[in-house]
Every structure is written in structure tokens, then in C-alpha cells.
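upload.cif follows (mmCIF, C-alpha atoms and all ligand atoms):
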```cif
data_coords
loop_
_atom_site.label_atom_id
_atom_site.label_comp_id
_atom_site.auth_asym_id
_atom_site.auth_seq_id
_atom_site.Cartn_x
_atom_site.Cartn_y
_atom_site.Cartn_z
CA MET A 1 0.00 0.00 0.00
CA PRO A 2 1.42 3.45 -0.89
CA ARG A 3 2.71 5.38 2.14
CA HIS A 4 0.10 8.16 1.81
CA ASP A 5 -2.96 6.13 0.89
CA GLY A 6 -5.76 7.89 2.82
CA THR A 7 -3.78 11.09 3.39
CA ILE A 8 -5.57 14.33 2.60
CA ALA A 9 -2.89 17.00 2.57
CA ILE A 10 -2.89 20.76 2.35
CA VAL A 11 0.44 22.17 1.13
CA THR A 12 0.91 25.93 1.27
CA GLY A 13 3.04 27.68 -1.33
CA ALA A 14 2.85 24.57 -3.50
CA GLY A 15 2.88 26.54 -6.76
CA HIS A 16 6.66 26.62 -7.00
CA GLY A 17 9.98 25.17 -5.90
CA ILE A 18 10.10 22.96 -2.83
CA GLY A 19 6.34 23.23 -2.18
CA ARG A 20 5.54 21.95 -5.67
CA CYS A 21 7.96 19.07 -5.17
CA ILE A 22 6.38 18.21 -1.78
CA ALA A 23 2.85 18.29 -3.22
CA SER A 24 3.87 16.12 -6.19
CA GLN A 25 5.72 13.63 -4.00
CA LEU A 26 2.80 13.29 -1.55
CA ALA A 27 0.44 12.78 -4.50
CA ALA A 28 2.78 10.20 -6.05
CA GLU A 29 2.68 8.36 -2.73
CA GLY A 30 -1.14 8.26 -2.74
CA ALA A 31 -2.24 11.50 -1.03
CA ALA A 32 -4.99 13.78 -2.27
CA VAL A 33 -3.45 17.24 -2.20
CA ALA A 34 -4.82 20.76 -1.89
CA VAL A 35 -2.39 23.25 -3.40
CA LEU A 36 -2.88 26.41 -1.33
CA GLU A 37 -1.25 29.32 -3.16
CA VAL A 38 -1.48 33.07 -3.53
CA ASP A 39 -0.23 32.81 -7.14
CA GLU A 40 -3.13 31.23 -9.01
CA SER A 41 -1.40 30.36 -12.28
CA ARG A 42 1.52 28.68 -10.51
CA GLY A 43 -0.85 26.83 -8.18
CA ARG A 44 -2.99 25.58 -11.07
CA GLU A 45 0.14 24.46 -12.92
CA THR A 46 1.11 22.26 -9.96
CA VAL A 47 -2.40 20.78 -9.91
CA SER A 48 -2.20 20.04 -13.68
CA GLN A 49 1.18 18.34 -13.24
CA ILE A 50 -0.18 16.14 -10.45
CA VAL A 51 -3.35 15.27 -12.34
CA GLU A 52 -1.35 14.48 -15.52
CA ALA A 53 0.66 12.04 -13.40
CA ASP A 54 -2.63 10.37 -12.34
CA GLY A 55 -2.65 12.02 -8.91
CA ARG A 56 -5.46 13.81 -7.13
CA ALA A 57 -5.16 17.55 -6.45
CA VAL A 58 -7.17 20.77 -6.23
CA PHE A 59 -6.16 24.40 -6.18
CA VAL A 60 -7.28 26.74 -3.39
CA LYS A 61 -6.30 30.38 -3.43
CA ALA A 62 -5.22 32.20 -0.29
CA ASP A 63 -2.73 34.72 0.96
CA ILE A 64 -1.59 33.13 4.21
CA THR A 65 -1.08 36.55 5.82
CA ASP A 66 -4.88 36.88 5.85
CA ALA A 67 -6.42 34.57 8.48
CA ALA A 68 -9.91 34.80 6.94
CA GLN A 69 -8.61 33.76 3.50
CA VAL A 70 -6.78 30.82 5.06
CA GLU A 71 -9.91 29.66 6.88
CA ALA A 72 -11.98 29.88 3.67
CA ALA A 73 -9.31 28.06 1.61
CA ILE A 74 -9.06 25.20 4.10
CA SER A 75 -12.86 24.87 4.10
CA ALA A 76 -12.82 24.80 0.27
CA ALA A 77 -10.02 22.19 0.27
CA GLU A 78 -11.94 19.96 2.67
CA ALA A 79 -15.19 20.40 0.72
CA ALA A 80 -13.36 19.13 -2.38
CA LEU A 81 -11.16 16.39 -0.92
CA GLY A 82 -12.49 15.52 2.55
CA PRO A 83 -11.10 16.17 6.04
CA ALA A 84 -7.41 17.05 5.96
CA ASN A 85 -5.07 14.96 8.09
CA LEU A 86 -1.81 16.57 6.95
CA LEU A 87 -0.87 20.24 6.77
CA VAL A 88 2.48 21.26 5.28
CA ASN A 89 3.37 24.90 5.98
CA ASN A 90 5.79 25.66 3.18
CA ALA A 91 4.84 29.10 1.80
CA ALA A 92 7.47 31.71 2.54
CA PHE A 93 8.97 34.99 1.47
CA THR A 94 12.38 36.60 1.82
CA ASP A 95 14.07 39.55 0.24
CA ALA A 96 17.36 38.76 2.01
CA GLY A 97 19.62 41.48 3.38
CA ASP A 98 21.22 42.43 6.67
CA LEU A 99 20.26 44.43 9.75
CA LYS A 100 22.22 47.51 8.66
CA GLY A 101 20.27 47.86 5.44
CA MET A 102 16.95 46.55 6.79
CA LYS A 103 13.83 48.45 5.76
CA LEU A 104 11.09 48.37 8.39
CA GLU A 105 8.59 47.08 5.78
CA SER A 106 10.93 44.16 4.97
CA TRP A 107 11.13 43.16 8.62
CA HIS A 108 7.35 43.22 8.99
CA ARG A 109 6.70 41.42 5.68
CA GLU A 110 9.08 38.54 6.45
CA ILE A 111 7.64 38.03 9.94
CA ASP A 112 4.14 38.33 8.50
CA VAL A 113 4.43 35.71 5.74
CA ASN A 114 6.85 33.29 7.37
CA LEU A 115 5.67 33.31 10.99
CA ASN A 116 2.19 34.84 11.15
CA GLY A 117 1.13 33.05 7.95
CA THR A 118 2.25 29.71 9.36
CA TYR A 119 0.35 30.44 12.56
CA HIS A 120 -2.82 31.32 10.61
CA CYS A 121 -2.76 27.92 8.89
CA ILE A 122 -2.10 26.06 12.15
CA ARG A 123 -4.84 28.01 13.92
CA ALA A 124 -7.34 27.07 11.20
CA ILE A 125 -6.49 23.35 11.09
CA ILE A 126 -6.13 22.53 14.81
CA PRO A 127 -9.84 22.55 15.79
CA ARG A 128 -10.63 20.44 12.72
CA MET A 129 -7.93 17.90 13.55
CA GLN A 130 -8.99 17.87 17.23
CA GLU A 131 -12.55 17.10 16.24
CA ARG A 132 -11.51 14.14 14.09
CA GLY A 133 -9.00 12.67 16.52
CA GLY A 134 -5.67 13.95 15.20
CA GLY A 135 -3.43 14.69 12.26
CA ALA A 136 0.08 15.75 11.34
CA ILE A 137 1.59 19.16 10.72
CA VAL A 138 4.99 19.68 9.09
CA ASN A 139 6.44 23.18 9.09
CA ILE A 140 9.23 24.09 6.69
CA ALA A 141 11.65 26.09 8.80
CA SER A 142 15.34 26.51 7.88
CA VAL A 143 18.85 26.12 9.23
CA ASN A 144 18.55 29.93 9.48
CA GLY A 145 16.13 29.38 12.36
CA VAL A 146 18.80 27.49 14.29
CA ARG A 147 22.01 29.47 13.53
CA TYR A 148 22.62 32.81 11.85
CA PHE A 149 23.49 32.57 8.13
CA GLY A 150 22.24 35.99 6.96
CA ASN A 151 18.67 37.20 6.30
CA PRO A 152 17.93 38.38 9.88
CA SER A 153 14.16 38.91 9.65
CA TYR A 154 13.65 35.64 7.75
CA SER A 155 15.87 33.88 10.31
CA ALA A 156 13.96 35.35 13.27
CA ALA A 157 10.70 34.22 11.68
CA LYS A 158 12.03 30.69 11.07
CA ALA A 159 13.28 30.50 14.69
CA GLY A 160 9.72 31.44 15.65
CA VAL A 161 8.37 28.66 13.43
CA ILE A 162 10.59 26.13 15.22
CA ASN A 163 9.37 27.28 18.63
CA LEU A 164 5.76 27.32 17.43
CA THR A 165 6.29 23.71 16.30
CA MET A 166 7.20 22.78 19.87
CA SER A 167 4.18 24.64 21.31
CA VAL A 168 1.79 22.84 19.00
CA ALA A 169 3.40 19.44 19.66
CA SER A 170 3.21 20.00 23.43
CA GLU A 171 -0.28 21.46 23.64
CA PHE A 172 -2.06 19.19 21.18
CA GLY A 173 -0.28 15.84 21.51
CA ARG A 174 -3.16 14.55 23.63
CA ASP A 175 -5.49 15.31 20.71
CA GLY A 176 -3.46 13.01 18.47
CA ILE A 177 -1.84 15.92 16.65
CA ARG A 178 1.86 15.64 15.79
CA CYS A 179 3.79 18.71 14.75
CA ASN A 180 7.34 18.72 13.40
CA ALA A 181 9.62 21.07 11.50
CA VAL A 182 12.10 20.43 8.71
CA CYS A 183 15.15 22.70 8.54
CA PRO A 184 16.65 22.71 5.04
CA GLY A 185 20.07 24.13 4.29
CA SER A 186 20.61 25.60 0.81
CA VAL A 187 18.27 24.03 -1.73
CA ARG A 188 18.81 24.21 -5.49
CA THR A 189 15.70 26.20 -6.47
CA ASP A 190 14.94 29.19 -8.66
CA ASN A 191 13.24 31.31 -6.02
CA ILE A 192 13.86 35.06 -6.20
CA THR A 193 16.84 35.06 -3.84
CA TRP A 194 18.69 32.22 -5.57
CA THR A 195 17.91 33.67 -9.02
CA ILE A 196 19.53 36.99 -8.05
CA ARG A 197 22.52 35.21 -6.49
CA GLN A 198 22.90 32.89 -9.50
CA LYS A 199 22.93 35.87 -11.87
CA LYS A 200 25.90 37.22 -9.92
CA ASP A 201 27.60 33.82 -9.79
CA PRO A 202 26.33 31.00 -12.03
CA ASP A 203 28.40 28.47 -10.04
CA ILE A 204 26.96 29.45 -6.68
CA PHE A 205 25.38 26.08 -5.86
CA GLN A 206 28.57 24.22 -6.74
CA LYS A 207 30.63 26.60 -4.60
CA LEU A 208 28.20 26.38 -1.69
CA GLY A 209 28.39 22.59 -1.81
CA ARG A 210 31.86 22.63 -0.23
CA TRP A 211 30.37 23.98 3.04
CA TYR A 212 28.19 20.90 3.35
CA PRO A 213 29.75 17.71 4.74
CA LEU A 214 27.92 15.69 2.07
CA GLY A 215 29.55 17.89 -0.57
CA ARG A 216 26.46 19.33 -2.24
CA VAL A 217 23.44 21.54 -1.64
CA ALA A 218 20.01 19.90 -1.34
CA GLU A 219 17.63 19.11 -4.18
CA PRO A 220 13.92 19.84 -3.53
CA MET A 221 13.29 16.07 -3.43
CA ASP A 222 15.62 15.75 -0.40
CA ILE A 223 13.21 18.01 1.49
CA ALA A 224 10.06 16.39 0.06
CA ARG A 225 11.18 12.94 1.22
CA ALA A 226 11.73 14.17 4.79
CA VAL A 227 8.32 15.87 4.79
CA SER A 228 6.65 12.77 3.43
CA PHE A 229 8.18 10.68 6.23
CA LEU A 230 7.31 13.10 9.05
CA GLY A 231 3.78 13.43 7.71
CA SER A 232 3.25 9.67 7.58
CA ASP A 233 2.35 7.01 10.16
CA GLU A 234 5.95 5.82 9.99
CA ALA A 235 6.69 8.87 12.17
CA ALA A 236 3.81 8.08 14.56
CA TYR A 237 5.93 8.65 17.69
CA ILE A 238 7.87 11.66 16.44
CA SER A 239 6.59 15.07 17.46
CA GLY A 240 8.12 18.44 18.32
CA VAL A 241 11.38 17.93 16.44
CA ALA A 242 13.17 20.35 14.13
CA LEU A 243 14.90 17.99 11.71
CA PRO A 244 17.88 19.45 9.85
CA VAL A 245 17.90 18.32 6.21
CA ASP A 246 21.21 20.00 5.53
CA GLY A 247 23.75 17.40 4.45
CA GLY A 248 25.29 17.52 7.94
CA MET A 249 26.08 21.26 7.84
CA LEU A 250 24.75 22.11 11.32
CA ALA A 251 26.78 19.24 12.75
CA GLY A 252 30.04 20.97 11.96
CA MET A 253 31.97 23.24 9.62
CA ASN A 254 34.35 20.83 7.92
CA VAL A 255 35.75 23.59 5.70
CA MET A 256 36.71 25.67 8.74
CA ILE A 257 38.32 22.67 10.41
CA ASP A 258 40.30 21.81 7.26
CA GLU A 259 41.43 25.36 6.58
CA PHE A 260 42.07 26.79 10.01
CA ILE A 261 42.83 23.90 12.32
CA LEU A 262 44.28 20.91 10.48
CA GLU A 263 46.47 23.09 8.20
CA ALA A 264 47.77 25.21 11.12
N1 LIG A 301 15.28 27.37 -1.36
C1 LIG A 301 16.07 27.25 -0.30
O1 LIG A 301 17.31 27.23 -0.42
C2 LIG A 301 15.48 27.08 1.07
C3 LIG A 301 16.35 26.86 2.16
C4 LIG A 301 15.80 26.69 3.44
C5 LIG A 301 14.43 26.74 3.62
N2 LIG A 301 13.62 26.98 2.55
C6 LIG A 301 12.18 27.04 2.81
O2 LIG A 301 11.52 26.13 1.94
C7 LIG A 301 10.22 26.64 1.63
C8 LIG A 301 10.04 26.75 0.13
O3 LIG A 301 11.06 27.57 -0.40
P1 LIG A 301 11.23 27.81 -1.96
O4 LIG A 301 12.63 28.20 -2.18
O5 LIG A 301 10.66 26.67 -2.72
O6 LIG A 301 10.32 29.12 -2.14
P2 LIG A 301 9.65 29.77 -3.46
O7 LIG A 301 9.75 31.24 -3.28
O8 LIG A 301 10.19 29.15 -4.69
O9 LIG A 301 8.13 29.33 -3.33
C9 LIG A 301 7.33 29.82 -2.31
C10 LIG A 301 5.87 29.74 -2.75
O10 LIG A 301 5.09 30.32 -1.70
C11 LIG A 301 4.11 31.15 -2.28
N3 LIG A 301 3.76 32.23 -1.34
C12 LIG A 301 4.55 33.28 -0.99
N4 LIG A 301 3.88 34.09 -0.16
C13 LIG A 301 2.65 33.55 0.02
C14 LIG A 301 1.50 33.94 0.74
N5 LIG A 301 1.50 35.07 1.44
N6 LIG A 301 0.41 33.14 0.70
C15 LIG A 301 0.41 31.99 -0.03
N7 LIG A 301 1.46 31.57 -0.76
C16 LIG A 301 2.57 32.35 -0.74
C17 LIG A 301 4.77 31.73 -3.54
O11 LIG A 301 3.80 32.17 -4.47
C18 LIG A 301 5.60 30.54 -4.02
O12 LIG A 301 4.88 29.74 -4.94
C19 LIG A 301 10.10 27.97 2.37
O13 LIG A 301 9.49 27.79 3.61
C20 LIG A 301 11.55 28.39 2.53
O14 LIG A 301 11.73 29.30 3.60
C21 LIG A 301 14.10 27.15 1.29
#
```
Show this structure as C-alpha cells.
Ligand SMILES: NC(=O)c1ccc[n+]([C@@H]2O[C@H](COP(=O)([O-])OP(=O)(O)OC[C@H]3O[C@@H](n4cnc5c(N)ncnc54)[C@H](O)[C@@H]3O)[C@@H](O)[C@H]2O)c1
Amino acid sequence: MPRHDGTIAIVTGAGHGIGRCIASQLAAEGAAVAVLEVDESRGRETVSQIVEADGRAVFVKADITDAAQVEAAISAAEAALGPANLLVNNAAFTDAGDLKGMKLESWHREIDVNLNGTYHCIRAIIPRMQERGGGAIVNIASVNGVRYFGNPSYSAAKAGVINLTMSVASEFGRDGIRCNAVCPGSVRTDNITWTIRQKKDPDIFQKLGRWYPLGRVAEPMDIARAVSFLGSDEAAYISGVALPVDGGMLAGMNVMIDEFILEA
């Protein structure tokens, strides 16, 4: 039996990049998937790709910064597919930068999409999952939420997502709700930040790979596989964790050790 037979999943930000890969992977493993996106054409494209591959998916439009839109979109998803038992909070926004150059609007926007938006989705799904005896939530955080690697407002928001993950796991475990986070390192995607960086340096992903003990950056599928596992019954006793999916990077800086210690 496929791992996600019987799973009804809502994946936010599934119109692009990692979110699209997660939605497609869950569908390939038997889940019915609601693609919750603010960008309608991208969201519908994901749905078409899943349906063309014989999967089951619907598009629901929402801006996750608006709690009322989120509530309506989750109701629409459940009306189309049935009661959701998996929520993947993937939608995110960053315009990168540092504290010195930080515009106040950037700070607010990154906290709003990445932290408040995640909370809006959790807030909408919890009573539904409680009523039906449980479910799983997987939040896409980042290694930036654990250590500082640039992007201060994004990082603060992702640290908040990790702590929110623990709150949900603690408060709602008795209701059968599991909540975990995945913390990717650099992922080879064409989001706005990586597109700008790649224009400056076409070899950026190759160069970044040396900072990762496994010698490469992640592919979206590396993240999708971890999400699929945490969202499945195979992870039935795992809740409240923030799982690095970072090729070992948070475990240690091998490049620093090689260059500054062993060669000294
Ligand atoms: N790409 C990386 O290197 C990387 C590294 C670590 C963590 N992550 C995390 O992985 C996740 C996916 O990243 P990605 O690179 O695929 O991003 P992306 O920018 O390619 O895709 C994000 C999607 O979210 C949607 N979205 C943005 N704001 C929204 C809103 N307000 N409401 C609804 N949808 C909205 C966008 O339309 C887009 O389709 C994010 O949580 C990101 O923080 C990415």
C-alpha cells in the first residue's frame, strides 16, 4: 500500500519550488493534495502536473497573511477532498539582506508571511484535527532558524516557526496531533533570492556545496522525502522535532576545520 494512501494533505506555497515538489511527492505516494497558493497560475500548474501524473489535487487560493482567506481556503479544500489529516506549511517569502540595510517594511513582511502566515494555517487546522482525533503538521523552517546565516528577519521568523512547532506538539499531543519542523540548508531552487545570487555567480550552488559535509546543496526532493516521512504514520511517535535536512552542515563546519585547524 502506498505510504500516503488515505492522506488528505494541504500544502501551502505549492505553486513553486520545494512546495511543488512536496505536493507532487505526496500525491505520487497516494495522497490527495490541496495546493494552497497566492499565485493562481503557478498553483494551477502544480495541480495540472499532479493530475497528468494520475494524482489527485485541487487548487485553493489564499494569501496566508490573511487569516480569513486561510480559513476559507481550508474549508474549500476539505469540501473538495475531505477532512485534511496533513498540513504542510511551506509558503514563505524573503528579500534577504542584513540588519544595517533593513527596511522596516521588509522586517514586517518577512515576519508576517513566514511566521504569522504559518500560525494562521495552524490556527485554522487545529480545531478540525482535534474534532476528528488527530493529524500531522509539518512546518518548513530553515537552518537559518537554528544558527545565523544571513537574512535576519527571515531567520527570526524561522526561529519562531521552530518554537511554534514545539508549542503545538506539546499542547495538542493529547489530541493526536503531531507537529514537526524540517530545517533545510541551501536548496537548489529558482526562487527570487537564488535567481539573483545565480545571476551574480552561475556556479553558486557548486561553490556552496563545499560547506556541506555531504559535498552538495540539497535538491527539492531531499526536502520532500523528509516531509513525506514526518507526515506519515511511519513517524507516529515523532513530534516536536526540528529535523535538519542539511547534508550535515549544522553538525560541523568541515571547511573551517580543514582550513584553520588541520592546516595550522
Ligand atoms: N530554497 C532554499 O534554499 C530554502 C532553504 C531553506 C528553507 N527553505 C524554505 O523552503 C520553503 C520553500 O522555499 P522555496 O525556495 O521553494 O520558495 P519559493 O519562493 O520558490 O516558493 C514559495 C511559494 O510560496 C508562495 N507564497 C509566498 N507568499 C505567500 C503567501 N502570502 N500566501 C500563499 N502563498 C505564498 C509563492 O507564491 C511561491 O509559490 C520555504 O518555507 C523556505 O523558507 C528554502
Residues near A:Tyr119, cut-off 12 Å, only C-alpha atoms, skip fewer than 5 positions along chain, as a PyMOL selection string: chain A and resi 64-67+70-71+87-91+111-114+124-126+137+139+157-158+160-165+167-168
Neighbour list for stretch 12-19 of chain A as number ranges by chain, cut-off 10 Å, all atoms listed in the file, skip fewer than 6 positions in-chain: A: 25, 33-47, 59-64, 70, 87-93, 117-118, 121, 139-140, 187-191, 219-224
Surrounding residues of A:Ala28 excluding itself and chain neighbours under 2 positions, 12 Å, only C-alpha atoms, as number ranges by chain: A: 2-5, 7, 21-26, 30-33, 49-57, 224-225, 228
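Atom N6 of ligand LIG 301 (chain A) is positioned 27.3 Å from atom CA of A:Lys100.
Atom to atom, atom CA of A:Ala242 and atom CA of A:Val143 stand 9.5 Å apart.
The space between atom C10 of ligand LIG 301 (chain A) and atom CA of A:Cys179 spans 20.8 Å.
With distances restricted to only C-alpha atoms and all ligand atoms, A:Asn151 is the closest residue to ligand LIG 301 (chain A) from A:Gln130, A:Asn151, A:Ser170, A:Asn254.
If all atoms listed in the file are the atoms counted, then among A:Ile177, A:Cys183, A:Leu243, A:Ile196 the closest residue to A:Asn85 is A:Ile177.
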Shortest interatomic distance to A:Thr94 - which of A:Leu81, A:Ala218, A:Ala156, A:Val146, counting all atoms listed in the file: A:Ala156
